[in-house]
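A.B. asks: run-v2.csv (CSV, C-alpha atoms and all ligand atoms) pasted underneath:
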chain,number,residue,atom,x,y,z
Q,223,MET,CA,7.5,19.5,31.0
Q,224,LYS,CA,4.9,22.0,32.3
Q,225,ILE,CA,5.1,25.6,30.9
Q,226,LEU,CA,3.0,28.5,31.9
Q,227,SER,CA,2.2,31.2,29.4
Q,228,VAL,CA,1.4,34.6,31.1
Q,229,ASN,CA,-0.1,37.9,29.9
Q,230,ALA,CA,-0.1,40.5,32.7
Q,231,GLY,CA,-2.0,43.7,32.4
Q,232,SER,CA,-2.1,46.5,35.1
Q,233,SER,CA,-5.1,44.9,36.8
Q,234,SER,CA,-5.3,41.5,35.1
Q,235,LEU,CA,-3.4,38.3,34.6
Q,236,LYS,CA,-4.2,35.8,31.9
Q,237,PHE,CA,-2.6,32.4,32.1
Q,238,GLN,CA,-2.5,29.1,30.2
Q,239,LEU,CA,-0.6,26.0,31.5
Q,240,TYR,CA,0.7,23.6,28.9
Q,241,GLU,CA,2.2,20.1,28.9
Q,242,MET,CA,5.1,20.4,26.5
Q,243,PRO,CA,6.1,19.3,23.9
Q,244,GLU,CA,2.6,17.7,23.5
Q,245,GLU,CA,1.2,21.3,23.5
Q,246,LYS,CA,-1.7,20.1,25.6
Q,247,VAL,CA,-3.5,22.9,27.6
Q,248,LEU,CA,-4.0,21.7,31.2
Q,249,ILE,CA,-5.7,24.7,32.6
Q,250,SER,CA,-6.3,28.3,31.6
Q,251,GLY,CA,-7.9,31.4,33.1
Q,252,VAL,CA,-7.8,35.0,34.0
Q,253,PHE,CA,-7.5,37.0,37.2
Q,254,GLU,CA,-9.3,40.3,36.9
Q,255,ARG,CA,-9.6,43.6,38.9
Q,256,ILE,CA,-6.3,42.9,40.7
Q,257,GLY,CA,-5.6,45.7,43.2
Q,258,ILE,CA,-9.2,47.1,42.7
Q,259,ASN,CA,-12.4,46.2,44.5
Q,260,ASP,CA,-14.6,43.2,43.5
Q,261,SER,CA,-11.7,41.2,42.1
Q,262,PHE,CA,-12.3,37.7,40.8
Q,263,TYR,CA,-10.9,35.0,38.6
Q,264,THR,CA,-12.1,32.4,36.1
Q,265,ILE,CA,-10.5,29.1,35.4
Q,266,LYS,CA,-11.2,26.7,32.5
Q,267,LEU,CA,-10.5,23.1,33.2
Q,268,ASN,CA,-11.7,20.0,31.4
Q,269,GLY,CA,-13.9,22.2,29.2
Q,270,GLU,CA,-15.7,23.7,32.2
Q,271,LYS,CA,-15.4,27.4,33.2
Q,272,VAL,CA,-15.7,28.4,36.9
Q,273,LYS,CA,-15.8,31.9,38.3
Q,274,LYS,CA,-14.6,32.6,41.8
Q,275,GLU,CA,-14.4,35.7,43.9
Q,276,ALA,CA,-11.1,36.5,45.6
Q,277,ASN,CA,-9.5,39.4,47.3
Q,278,LEU,CA,-6.6,40.0,44.9
Q,279,LYS,CA,-4.4,42.7,46.2
Q,280,SER,CA,-1.4,42.0,43.9
Q,281,HIS,CA,-0.3,39.9,41.0
Q,282,LYS,CA,1.8,37.8,43.5
Q,283,GLU,CA,-1.5,36.9,45.3
Q,284,ALA,CA,-3.0,35.9,42.0
Q,285,PHE,CA,0.0,33.6,41.3
Q,286,GLU,CA,-0.4,32.1,44.8
Q,287,ILE,CA,-4.0,31.3,44.2
Q,288,LEU,CA,-3.1,29.8,40.9
Q,289,VAL,CA,-0.7,27.5,42.6
Q,290,ASP,CA,-3.4,26.5,45.1
Q,291,GLU,CA,-5.8,25.7,42.2
Q,292,LEU,CA,-3.1,23.7,40.4
Q,293,VAL,CA,-2.5,21.6,43.5
Q,294,SER,CA,-6.2,21.2,44.5
Q,295,ASN,CA,-7.1,20.1,41.0
Q,296,ASN,CA,-4.2,17.6,40.9
Q,297,ILE,CA,-2.5,19.3,38.0
Q,298,VAL,CA,0.7,19.5,39.9
Q,299,THR,CA,1.8,18.1,43.2
Q,300,ASP,CA,4.7,20.5,43.5
Q,301,LEU,CA,5.0,23.9,42.0
Q,302,ASN,CA,8.6,23.1,40.9
Q,303,GLU,CA,7.0,20.9,38.2
Q,304,ILE,CA,6.5,24.1,36.3
Q,305,LYS,CA,9.8,24.5,34.6
Q,306,GLY,CA,9.2,27.6,32.5
Q,307,ILE,CA,7.1,30.8,32.6
Q,308,GLY,CA,6.8,32.9,29.4
Q,309,HIS,CA,5.7,36.5,29.8
Q,310,ARG,CA,4.1,38.4,26.9
Q,311,ILE,CA,5.7,41.8,26.5
Q,312,VAL,CA,4.2,44.4,24.1
Q,313,GLN,CA,7.3,46.5,23.4
Q,314,GLY,CA,10.8,45.2,23.0
Q,315,GLY,CA,12.1,48.1,20.9
Q,316,SER,CA,15.2,47.5,18.9
Q,317,TYR,CA,16.8,45.5,21.8
Q,318,PHE,CA,15.0,42.2,21.3
Q,319,ASP,CA,14.6,40.2,18.1
Q,320,LYS,CA,13.7,37.0,19.8
Q,321,THR,CA,12.4,35.5,23.1
Q,322,VAL,CA,15.1,35.7,25.9
Q,323,VAL,CA,15.5,34.4,29.4
Q,324,VAL,CA,14.8,37.1,32.0
Q,325,ASP,CA,17.7,38.8,33.9
Q,326,GLU,CA,18.0,42.2,35.5
Q,327,ASP,CA,19.4,43.7,32.3
Q,328,VAL,CA,16.4,42.5,30.4
Q,329,ILE,CA,14.0,43.9,32.9
Q,330,SER,CA,15.8,47.3,32.9
Q,331,LYS,CA,15.5,47.4,29.1
Q,332,ILE,CA,11.8,46.6,29.2
Q,333,ASP,CA,11.5,49.3,31.8
Q,334,GLU,CA,13.4,51.8,29.6
Q,335,LEU,CA,10.9,51.1,26.8
Q,336,SER,CA,7.9,51.8,29.0
Q,337,ALA,CA,7.6,55.3,27.4
Q,338,LEU,CA,6.6,53.5,24.2
Q,339,ALA,CA,4.1,51.2,25.9
Q,340,PRO,CA,3.1,53.0,29.1
Q,341,LEU,CA,0.0,50.8,29.7
Q,342,HIS,CA,1.7,47.5,29.0
Q,343,ASN,CA,5.5,47.3,29.8
Q,344,PRO,CA,5.3,48.4,33.5
Q,345,ALA,CA,2.4,45.9,34.1
Q,346,ALA,CA,4.5,43.1,32.5
Q,347,ILE,CA,7.4,43.9,34.9
Q,348,VAL,CA,5.0,43.6,37.8
Q,349,GLY,CA,3.9,40.2,36.4
Q,350,ILE,CA,7.6,39.0,36.0
Q,351,ARG,CA,8.5,40.1,39.6
Q,352,ALA,CA,5.5,38.4,41.0
Q,353,ALA,CA,6.2,35.2,39.1
Q,354,GLN,CA,9.8,35.2,40.2
Q,355,SER,CA,8.8,35.5,43.8
Q,356,VAL,CA,6.3,32.6,43.6
Q,357,PHE,CA,8.0,30.2,41.0
Q,358,LYS,CA,11.6,30.5,42.2
Q,359,GLU,CA,13.0,27.6,40.3
Q,360,ALA,CA,11.3,28.2,36.9
Q,361,THR,CA,13.1,29.7,33.9
Q,362,GLN,CA,11.3,33.0,33.2
Q,363,THR,CA,11.3,34.2,29.6
Q,364,VAL,CA,10.0,37.3,27.8
Q,365,VAL,CA,8.2,37.0,24.5
Q,366,PHE,CA,7.9,40.3,22.6
Q,367,ASP,CA,5.1,41.4,20.3
Q,368,THR,CA,7.7,43.4,18.4
Q,369,ALA,CA,10.4,40.8,18.0
Q,370,PHE,CA,9.1,39.2,14.9
Q,371,HIS,CA,9.2,42.5,13.0
Q,372,GLN,CA,12.8,43.2,13.7
Q,373,THR,CA,13.8,41.7,10.3
Q,374,MET,CA,12.3,44.8,8.5
Q,375,LYS,CA,14.9,46.8,6.6
Q,376,GLU,CA,15.8,50.3,7.6
Q,377,GLU,CA,14.1,51.8,4.6
Q,378,THR,CA,10.9,50.1,5.7
Q,379,TYR,CA,11.0,50.8,9.5
Q,380,LEU,CA,12.1,54.4,9.3
Q,381,TYR,CA,9.7,57.4,9.1
Q,382,ALA,CA,10.7,60.2,6.8
Q,383,LEU,CA,11.4,62.5,9.8
Q,384,PRO,CA,14.7,64.0,11.0
Q,385,TYR,CA,17.0,61.0,10.8
Q,386,GLU,CA,18.4,61.7,14.3
Q,387,TRP,CA,15.0,61.2,15.9
Q,388,CYS,CA,15.4,57.4,15.6
Q,389,ASP,CA,18.5,57.4,17.7
Q,390,GLU,CA,17.5,60.1,20.1
Q,391,TYR,CA,13.8,59.3,20.7
Q,392,LYS,CA,13.6,55.7,19.3
Q,393,ILE,CA,11.1,56.9,16.7
Q,394,ARG,CA,10.7,54.1,14.1
Q,395,ARG,CA,8.2,51.4,13.1
Q,396,TYR,CA,8.3,48.4,15.5
Q,397,GLY,CA,5.0,46.7,14.7
Q,398,ALA,CA,2.9,44.6,17.0
Q,399,HIS,CA,1.0,41.3,17.2
Q,400,GLY,CA,4.3,39.7,16.1
Q,401,THR,CA,3.7,36.5,18.1
Q,402,SER,CA,0.4,36.0,16.2
Q,403,HIS,CA,1.9,36.8,12.8
Q,404,LYS,CA,4.8,34.4,13.5
Q,405,TYR,CA,2.4,31.6,14.7
Q,406,ILE,CA,0.3,32.0,11.5
Q,407,ALA,CA,3.4,31.9,9.3
Q,408,ALA,CA,4.6,28.7,11.0
Q,409,LYS,CA,1.1,27.1,10.7
Q,410,MET,CA,0.9,28.1,7.0
Q,411,SER,CA,4.3,26.5,6.3
Q,412,GLU,CA,2.8,23.3,7.8
Q,413,ILE,CA,-0.3,23.6,5.6
Q,414,LEU,CA,1.5,24.4,2.4
Q,415,GLY,CA,4.3,21.9,3.2
Q,416,ARG,CA,7.2,24.3,2.6
Q,417,THR,CA,9.0,27.2,4.2
Q,418,ASN,CA,9.9,29.3,1.1
Q,419,THR,CA,6.6,31.2,1.1
Q,420,LYS,CA,5.3,34.7,0.6
Q,421,LEU,CA,2.4,35.3,2.9
Q,422,ILE,CA,0.1,38.2,3.8
Q,423,THR,CA,-1.2,37.6,7.3
Q,424,CYS,CA,-4.2,39.6,8.4
Q,425,HIS,CA,-4.7,39.7,12.2
Q,426,ILE,CA,-8.1,41.5,12.3
Q,427,GLY,CA,-9.4,41.8,15.8
Q,428,ASN,CA,-10.2,44.7,18.0
Q,429,GLY,CA,-6.6,45.6,17.4
Q,430,ALA,CA,-5.7,44.9,13.8
Q,431,SER,CA,-2.5,44.5,11.7
Q,432,ILE,CA,-1.3,43.0,8.5
Q,433,SER,CA,2.2,41.6,7.8
Q,434,ALA,CA,4.1,40.8,4.7
Q,435,ILE,CA,6.2,37.7,5.4
Q,436,LYS,CA,8.8,36.1,3.1
Q,437,ASP,CA,10.4,32.8,3.9
Q,438,GLY,CA,9.2,33.1,7.5
Q,439,LEU,CA,10.7,36.5,8.0
Q,440,CYS,CA,8.7,39.8,8.4
Q,441,VAL,CA,9.3,42.2,5.5
Q,442,ASN,CA,6.7,44.8,6.4
Q,443,THR,CA,3.9,45.3,8.9
Q,444,SER,CA,1.1,47.9,9.3
Q,445,MET,CA,1.5,48.9,12.9
Q,446,GLY,CA,4.2,51.5,13.7
Q,447,LEU,CA,5.9,53.1,16.6
Q,448,THR,CA,2.8,52.1,18.6
Q,449,PRO,CA,-0.2,49.8,17.8
Q,450,ASN,CA,-2.2,52.9,16.7
Q,451,ALA,CA,-0.8,52.8,13.1
Q,452,GLY,CA,-2.0,51.1,10.0
Q,453,LEU,CA,-5.5,49.6,9.8
Q,454,ILE,CA,-8.7,51.2,11.1
Q,455,MET,CA,-9.4,49.3,14.4
Q,456,GLY,CA,-12.2,49.1,16.9
Q,457,SER,CA,-11.4,52.4,18.6
Q,458,ARG,CA,-8.0,53.3,17.0
Q,459,SER,CA,-7.7,55.6,14.1
Q,460,GLY,CA,-5.0,53.7,12.2
Q,461,ASP,CA,-3.0,55.8,9.6
Q,462,ILE,CA,-4.0,59.5,9.5
Q,463,ASP,CA,-2.3,62.7,8.3
Q,464,ALA,CA,0.0,63.4,11.3
Q,465,THR,CA,-0.6,67.2,11.0
Q,466,ILE,CA,-4.3,66.7,12.0
Q,467,VAL,CA,-2.9,66.2,15.5
Q,468,PRO,CA,-1.3,69.7,16.1
Q,469,TYR,CA,-4.2,71.3,14.1
Q,470,ILE,CA,-6.9,69.8,16.4
Q,471,MET,CA,-4.8,70.5,19.5
Q,472,GLU,CA,-4.5,74.1,18.5
Q,473,LYS,CA,-8.3,74.4,17.7
Q,474,THR,CA,-9.5,72.7,20.8
Q,475,GLY,CA,-6.8,73.2,23.4
Q,476,MET,CA,-6.6,69.4,23.9
Q,477,THR,CA,-3.5,68.1,25.8
Q,478,PRO,CA,-1.2,65.5,24.2
Q,479,LYS,CA,-2.7,62.9,26.7
Q,480,GLU,CA,-6.3,63.8,25.6
Q,481,MET,CA,-5.4,63.6,22.0
Q,482,ASP,CA,-3.8,60.2,22.5
Q,483,HIS,CA,-7.0,59.1,24.2
Q,484,VAL,CA,-9.1,60.1,21.2
Q,485,LEU,CA,-6.8,58.5,18.7
Q,486,ASN,CA,-6.8,55.2,20.6
Q,487,LYS,CA,-10.1,55.0,22.4
Q,488,GLU,CA,-12.6,57.2,20.5
Q,489,SER,CA,-11.7,56.7,16.8
Q,490,GLY,CA,-11.8,53.8,14.4
Q,491,LEU,CA,-15.1,51.9,14.0
Q,492,LEU,CA,-16.4,53.6,17.1
Q,493,GLY,CA,-15.4,57.1,16.0
Q,494,ILE,CA,-17.0,56.8,12.6
Q,495,SER,CA,-20.1,54.8,13.5
Q,496,GLY,CA,-20.8,56.6,16.8
Q,497,VAL,CA,-22.3,53.2,17.8
Q,498,SER,CA,-19.6,50.8,18.9
Q,499,SER,CA,-16.0,49.6,18.6
Q,500,ASP,CA,-17.3,46.0,18.3
Q,501,SER,CA,-17.7,44.7,14.8
Q,502,ARG,CA,-20.7,42.6,15.8
Q,503,ASP,CA,-22.5,45.8,16.7
Q,504,ILE,CA,-21.4,47.4,13.4
Q,505,GLU,CA,-22.8,44.4,11.5
Q,506,GLU,CA,-26.1,44.7,13.4
Q,507,GLY,CA,-26.2,48.4,12.7
Q,508,ILE,CA,-25.8,47.8,9.0
Q,509,LYS,CA,-28.7,45.3,9.1
Q,510,ASP,CA,-30.8,48.0,10.8
Q,511,GLY,CA,-29.9,50.4,8.0
Q,512,ASN,CA,-27.6,52.6,10.1
Q,513,GLU,CA,-25.7,54.7,7.5
Q,514,ARG,CA,-22.7,55.5,9.7
Q,515,CYS,CA,-22.2,51.8,10.6
Q,516,LEU,CA,-22.1,51.1,6.8
Q,517,LEU,CA,-19.7,53.9,6.3
Q,518,ALA,CA,-17.4,52.7,9.1
Q,519,GLN,CA,-17.4,49.1,7.7
Q,520,LYS,CA,-16.6,50.4,4.1
Q,521,MET,CA,-13.6,52.4,5.5
Q,522,PHE,CA,-12.5,49.5,7.6
Q,523,VAL,CA,-12.6,47.1,4.7
Q,524,ARG,CA,-11.0,49.6,2.3
Q,525,ARG,CA,-7.9,50.0,4.5
Q,526,ILE,CA,-7.5,46.2,4.8
Q,527,VAL,CA,-7.6,45.9,1.0
Q,528,ASP,CA,-5.1,48.8,0.6
Q,529,TYR,CA,-2.6,47.0,2.8
Q,530,ILE,CA,-3.0,43.6,1.2
Q,531,ALA,CA,-2.6,45.2,-2.3
Q,532,LYS,CA,0.5,47.1,-1.1
Q,533,TYR,CA,2.1,44.0,0.4
Q,534,TYR,CA,1.2,41.9,-2.7
Q,535,VAL,CA,3.3,44.3,-4.8
Q,536,GLU,CA,6.1,44.5,-2.2
Q,537,LEU,CA,6.3,40.7,-2.0
Q,538,GLU,CA,6.0,40.5,-5.8
Q,539,GLY,CA,3.0,38.2,-5.5
Q,540,CYS,CA,2.0,35.9,-2.7
Q,541,ASP,CA,1.3,32.3,-1.9
Q,542,ALA,CA,-1.5,32.8,0.6
Q,543,ILE,CA,-3.5,35.4,2.3
Q,544,ILE,CA,-4.6,34.5,5.8
Q,545,PHE,CA,-7.3,35.9,8.1
Q,546,THR,CA,-7.0,35.5,11.8
Q,547,ALA,CA,-8.2,37.0,15.2
Q,548,GLY,CA,-11.7,37.9,16.3
Q,549,ILE,CA,-13.0,39.4,13.1
Q,550,GLY,CA,-10.8,37.5,10.7
Q,551,GLU,CA,-11.8,34.2,12.2
Q,552,ASN,CA,-15.5,35.0,12.6
Q,553,SER,CA,-16.8,37.7,10.3
Q,554,LYS,CA,-17.8,36.1,7.0
Q,555,SER,CA,-19.1,39.4,5.6
Q,556,THR,CA,-15.8,41.3,6.3
Q,557,ARG,CA,-13.8,38.5,4.7
Q,558,ARG,CA,-16.1,38.5,1.7
Q,559,GLU,CA,-16.0,42.3,1.3
Q,560,VAL,CA,-12.2,42.3,1.4
Q,561,ILE,CA,-11.8,39.5,-1.1
Q,562,ASP,CA,-14.4,40.9,-3.5
Q,563,ALA,CA,-12.4,44.1,-3.6
Q,564,LEU,CA,-9.3,42.0,-4.6
Q,565,ASN,CA,-11.0,40.4,-7.6
Q,566,VAL,CA,-8.9,42.6,-9.9
Q,567,LEU,CA,-5.9,40.5,-8.8
Q,568,GLY,CA,-7.7,37.3,-9.6
Q,569,ILE,CA,-8.4,36.6,-5.9
Q,570,LYS,CA,-11.8,35.0,-5.5
Q,571,ILE,CA,-13.9,33.8,-2.6
Q,572,ASP,CA,-15.9,30.6,-2.4
Q,573,GLU,CA,-19.1,31.5,-0.6
Q,574,GLU,CA,-19.7,28.0,0.7
Q,575,ARG,CA,-16.1,27.6,2.0
Q,576,ASN,CA,-16.3,31.1,3.6
Q,577,ASN,CA,-19.3,29.8,5.7
Q,578,THR,CA,-16.8,28.9,8.4
Q,579,ARG,CA,-15.7,30.2,11.8
Q,580,GLY,CA,-12.9,29.6,14.2
Q,581,CYS,CA,-11.2,26.8,12.4
Q,582,VAL,CA,-8.5,26.3,9.7
Q,583,ALA,CA,-10.2,26.6,6.4
Q,584,LEU,CA,-9.5,27.4,2.7
Q,585,ILE,CA,-12.1,30.0,1.8
Q,586,SER,CA,-11.0,31.0,-1.8
Q,587,SER,CA,-12.3,29.3,-4.9
Q,588,ASP,CA,-10.3,26.8,-6.9
Q,589,SER,CA,-9.8,29.4,-9.6
Q,590,SER,CA,-8.5,32.1,-7.2
Q,591,SER,CA,-5.0,33.3,-8.2
Q,592,VAL,CA,-4.0,33.3,-4.5
Q,593,PRO,CA,-5.4,30.8,-1.9
Q,594,VAL,CA,-7.1,32.6,1.0
Q,595,TYR,CA,-7.3,30.8,4.4
Q,596,VAL,CA,-8.8,31.3,7.9
Q,597,VAL,CA,-6.3,30.2,10.5
Q,598,PRO,CA,-7.1,30.7,14.2
Q,599,THR,CA,-4.2,32.3,16.0
Q,600,ASP,CA,-2.7,31.0,19.2
Q,601,GLU,CA,-0.3,33.5,20.8
Q,602,GLU,CA,-0.2,31.6,24.1
Q,603,LEU,CA,1.0,28.5,22.4
Q,604,MET,CA,3.7,30.4,20.6
Q,605,ILE,CA,4.8,31.8,24.0
Q,606,ALA,CA,4.8,28.3,25.5
Q,607,ARG,CA,6.9,26.9,22.5
Q,608,ASP,CA,9.6,29.6,22.8
Q,609,THR,CA,9.7,29.2,26.6
Q,610,TYR,CA,9.9,25.4,26.4
Q,611,ASN,CA,12.8,25.7,23.9
Q,612,LEU,CA,14.7,27.9,26.3
Q,613,ALA,CA,13.7,26.0,29.5
Q,614,LYS,CA,14.6,22.5,28.2
S,701,LIG,P1,-10.0,40.1,19.2
S,701,LIG,O1,-9.4,41.4,19.6
S,701,LIG,O2,-9.2,39.2,18.4
S,701,LIG,O3,-10.5,39.4,20.4
S,701,LIG,O4,-11.3,40.4,18.3
S,701,LIG,C1,-12.4,41.1,18.8
S,701,LIG,C2,-13.3,41.5,17.7
S,701,LIG,O5,-13.8,40.3,17.0
S,701,LIG,C3,-14.5,42.3,18.0
S,701,LIG,O6,-14.7,43.4,17.2
S,701,LIG,C4,-15.6,41.3,17.8
S,701,LIG,O7,-16.8,41.9,17.5
S,701,LIG,C5,-15.1,40.5,16.7
S,701,LIG,N1,-15.9,39.2,16.6
S,701,LIG,C6,-15.9,38.2,17.5
S,701,LIG,N2,-16.8,37.3,17.1
S,701,LIG,C7,-17.4,37.8,15.9
S,701,LIG,C8,-18.4,37.3,15.0
S,701,LIG,N3,-19.0,36.2,15.3
S,701,LIG,N4,-18.7,38.1,14.0
S,701,LIG,C9,-18.1,39.3,13.8
S,701,LIG,N5,-17.2,39.8,14.6
S,701,LIG,C10,-16.8,39.0,15.7
Translate the structure of the given file into structure tokens.
C.D. replies:
Amino acid sequence: MKILSVNAGSSSLKFQLYEMPEEKVLISGVFERIGINDSFYTIKLNGEKVKKEANLKSHKEAFEILVDELVSNNIVTDLNEIKGIGHRIVQGGSYFDKTVVVDEDVISKIDELSALAPLHNPAAIVGIRAAQSVFKEATQTVVFDTAFHQTMKEETYLYALPYEWCDEYKIRRYGAHGTSHKYIAAKMSEILGRTNTKLITCHIGNGASISAIKDGLCVNTSMGLTPNAGLIMGSRSGDIDATIVPYIMEKTGMTPKEMDHVLNKESGLLGISGVSSDSRDIEEGIKDGNERCLLAQKMFVRRIVDYIAKYYVELEGCDAIIFTAGIGENSKSTRREVIDALNVLGIKIDEERNNTRGCVALISSDSSSVPVYVVPTDEELMIARDTYNLAK
């Protein structure tokens, strides 16, 4: 059965087509600058990447071009061969604790939650509508970044603010990257050969979050009402004293929107280093003796260590710590610095094993009290699995 995994942004559309249940990727790619000038798309097929220009006025046109590509490349003869389409949704609020089939009620709930994900939820609805109009026979599903974290207890997900705010304004911790944390937990169960596990999953990319997972269920996670909370990220501040916000707004006359922009786009590694939000540039800066890059990296690592330590205590120990996403899968120095700071718990790195990138690997020493792994994440596959299970 062919299943399409889709991630729609306001001007982009990423896709990956799978043959399920074999989990074989048939084709993948991304449409960019939809509705803007100079739009184009890239497709990856048989290990080759091709870029093509196209006048993409809407997401619907992008899907139509995708169908043409699938037919001309003999991947399908009829678009009805695609039985399921899974859409990635950033914010599912308290409504959704699992992947569901799309209907009008589901779409109206995603729309209602747009206030909590203004850049993402409306774009995802555009993607769903476009897919519905092109793939009329396929089962459309929605896979939420927040769903996996719905198992957190009330005392964990509430903020110590007026209790009524949760009801009235939906203020609570929802978390994010749930599809990735869930994938890693499933993969780790496979690796460890059991499901009764205590895991600390570290999704460290441009966006970054850490989850505490017990027996496959999320106990706690570092992101909050929005993906700004928790760890220091590429350009997001992570946790700060909330009263800094009104203080700076009063001092500078910044509007809420401007403040939001600084907290999400001008803070984090970029804000401290003044150089870049990209960890590769930070690593280069450190090599060149840039003091602020070094400071940014120290703060970045410290926060990761703080969350691992906090979740280690909350889980009452743990069976594995896992690094994933761009930095987690690739940055040897970040992994080493984090693990070295955890030596007090008996967690130790093996330098040789840590000399790895982008594949499943044990990177801790045999004497480490907790094994530490690198496991590449695969959110698209997780979306395809959920969609396959609902479509079949
Ligand atoms: P993601 O958001 O998961 O795509 O991750 C993006 C982050 O991964 C960026 O900060 C990249 O600099 C970082 N990254 C990717 N490759 C490497 C690498 N080889 N070394 C260090 N960081 C990397």
A.B. asks: Could you give me the centre and size, in Å to one decimal, of an axis-aligned box around all listed atoms of ligand LIG 701 (chain S) with 3 Å added on every side, as JSON?
C.D. replies:
{"center_x": -14.1, "center_y": 39.8, "center_z": 17.1, "size_x": 15.8, "size_y": 13.2, "size_z": 12.6}
A.B. asks: Calculated over all atoms listed in the file, which of the candidates Q:Leu516, Q:Ile435, Q:Val312, Q:Ile225 has the smallest distance to Lys420 in chain Q?
C.D. replies: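 Nearest to Lys420 in chain Q: Q:Ile435.
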A.B. asks: Near Thr609 in chain Q, counting all atoms listed in the file, which residues have an atom at most 9 Å away, once you skip same-chain residues fewer than 4 positions from it, shown as a PDB file with C-alpha atoms, in the frame of the given file?
C.D. replies:
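New file out-v9.pdb:
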ATOM      1  CA  ILE Q 225       5.100  25.600  30.900  1.00  0.00           C
ATOM      2  CA  LEU Q 226       3.000  28.500  31.900  1.00  0.00           C
ATOM      3  CA  SER Q 227       2.200  31.200  29.400  1.00  0.00           C
ATOM      4  CA  GLY Q 306       9.200  27.600  32.500  1.00  0.00           C
ATOM      5  CA  ILE Q 307       7.100  30.800  32.600  1.00  0.00           C
ATOM      6  CA  GLY Q 308       6.800  32.900  29.400  1.00  0.00           C
ATOM      7  CA  HIS Q 309       5.700  36.500  29.800  1.00  0.00           C
ATOM      8  CA  THR Q 321      12.400  35.500  23.100  1.00  0.00           C
ATOM      9  CA  VAL Q 322      15.100  35.700  25.900  1.00  0.00           C
ATOM     10  CA  VAL Q 323      15.500  34.400  29.400  1.00  0.00           C
ATOM     11  CA  THR Q 361      13.100  29.700  33.900  1.00  0.00           C
ATOM     12  CA  GLN Q 362      11.300  33.000  33.200  1.00  0.00           C
ATOM     13  CA  THR Q 363      11.300  34.200  29.600  1.00  0.00           C
ATOM     14  CA  VAL Q 364      10.000  37.300  27.800  1.00  0.00           C
ATOM     15  CA  VAL Q 365       8.200  37.000  24.500  1.00  0.00           C
ATOM     16  CA  MET Q 604       3.700  30.400  20.600  1.00  0.00           C
ATOM     17  CA  ILE Q 605       4.800  31.800  24.000  1.00  0.00           C
ATOM     18  CA  ALA Q 613      13.700  26.000  29.500  1.00  0.00           C
ATOM     19  CA  LYS Q 614      14.600  22.500  28.200  1.00  0.00           C
TER      20      LYS Q 614
END
A.B. asks: Out of Q:Phe545, Q:Phe262, Q:Tyr240, Q:Tyr396, which residue has the shortest atom-to-atom distance to ligand LIG 701 (chain S) when counting all atoms listed in the file?
C.D. replies: Q:Phe545
A.B. asks: Residues contacting ligand LIG 701 (chain S) - anything with an atom at most 6 Å away, using all atoms listed in the file - can you give me those as a list in words?
C.D. replies: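 Taking all atoms listed in the file into account, the residues around ligand LIG 701 (chain S) at most 6 Å away are Gly427, Asn428, Gly429, Asp500, Ser501, Arg502, Ala547, Gly548, Ile549, Asn552 and Ser553 of chain Q.
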A.B. asks: Any idea what the distance is between CA of Gly415 in chain Q and CA of Met223 in chain Q?
C.D. replies: 28.1 Å
A.B. asks: Skipping near chain neighbours, those fewer than 6 positions away, what residues fall within 9 Å of Glu245 in chain Q using all atoms listed in the file, listed as number ranges by chain?
C.D. replies: Q: 603, 606-607
A.B. asks: Quick one: which range 492-524 of chain Q residues come within 10 Å of range 560-572 of chain Q, and what is the nearest atom pair for each with the distance in Å to one decimal, counting all atoms listed in the file, rows ordered by chain and ascending number, as a tab-separated table?
C.D. replies:
residue	atom	partner	partner_atom	distance
Q:Lys520	CA	Q:Val560	CA	9.6
Q:Phe522	CA	Q:Val560	CA	9.5
Q:Val523	CA	Q:Val560	CA	5.8
Q:Arg524	CA	Q:Val560	CA	7.5
A.B. asks: Using 10 Å as the limit and counting all atoms listed in the file, can you tabulate each residue of range 577-610 of chain Q that touches range 404-411 of chain Q, with its shortest atom-to-atom distance in Å and the two atoms involved, as JSON lines?
C.D. replies:
{"residue": "Q:Val582", "atom": "CA", "partner": "Q:Lys409", "partner_atom": "CA", "distance": 9.7}
{"residue": "Q:Tyr595", "atom": "CA", "partner": "Q:Met410", "partner_atom": "CA", "distance": 9.0}
{"residue": "Q:Val596", "atom": "CA", "partner": "Q:Ile406", "partner_atom": "CA", "distance": 9.8}
{"residue": "Q:Val597", "atom": "CA", "partner": "Q:Ile406", "partner_atom": "CA", "distance": 6.9}
{"residue": "Q:Pro598", "atom": "CA", "partner": "Q:Ile406", "partner_atom": "CA", "distance": 8.0}
{"residue": "Q:Thr599", "atom": "CA", "partner": "Q:Ile406", "partner_atom": "CA", "distance": 6.4}
{"residue": "Q:Asp600", "atom": "CA", "partner": "Q:Tyr405", "partner_atom": "CA", "distance": 6.8}
{"residue": "Q:Glu601", "atom": "CA", "partner": "Q:Tyr405", "partner_atom": "CA", "distance": 6.9}
{"residue": "Q:Glu602", "atom": "CA", "partner": "Q:Tyr405", "partner_atom": "CA", "distance": 9.8}
{"residue": "Q:Leu603", "atom": "CA", "partner": "Q:Tyr405", "partner_atom": "CA", "distance": 8.4}
{"residue": "Q:Met604", "atom": "CA", "partner": "Q:Tyr405", "partner_atom": "CA", "distance": 6.2}
{"residue": "Q:Ile605", "atom": "CA", "partner": "Q:Tyr405", "partner_atom": "CA", "distance": 9.6}
A.B. asks: What gap, in Å, lies between CA of Met481 in chain Q and CA of Ile466 in chain Q?
C.D. replies: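 These two atoms are separated by 10.5 Å.
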A.B. asks: Between Q:Lys305, Q:Arg394, Q:Lys532, Q:Arg458, which residue has the minimum interatomic distance to Asp482 in chain Q, considering all atoms listed in the file?
C.D. replies: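 Counting all atoms listed in the file, the residue closest to Asp482 in chain Q is Q:Arg458.
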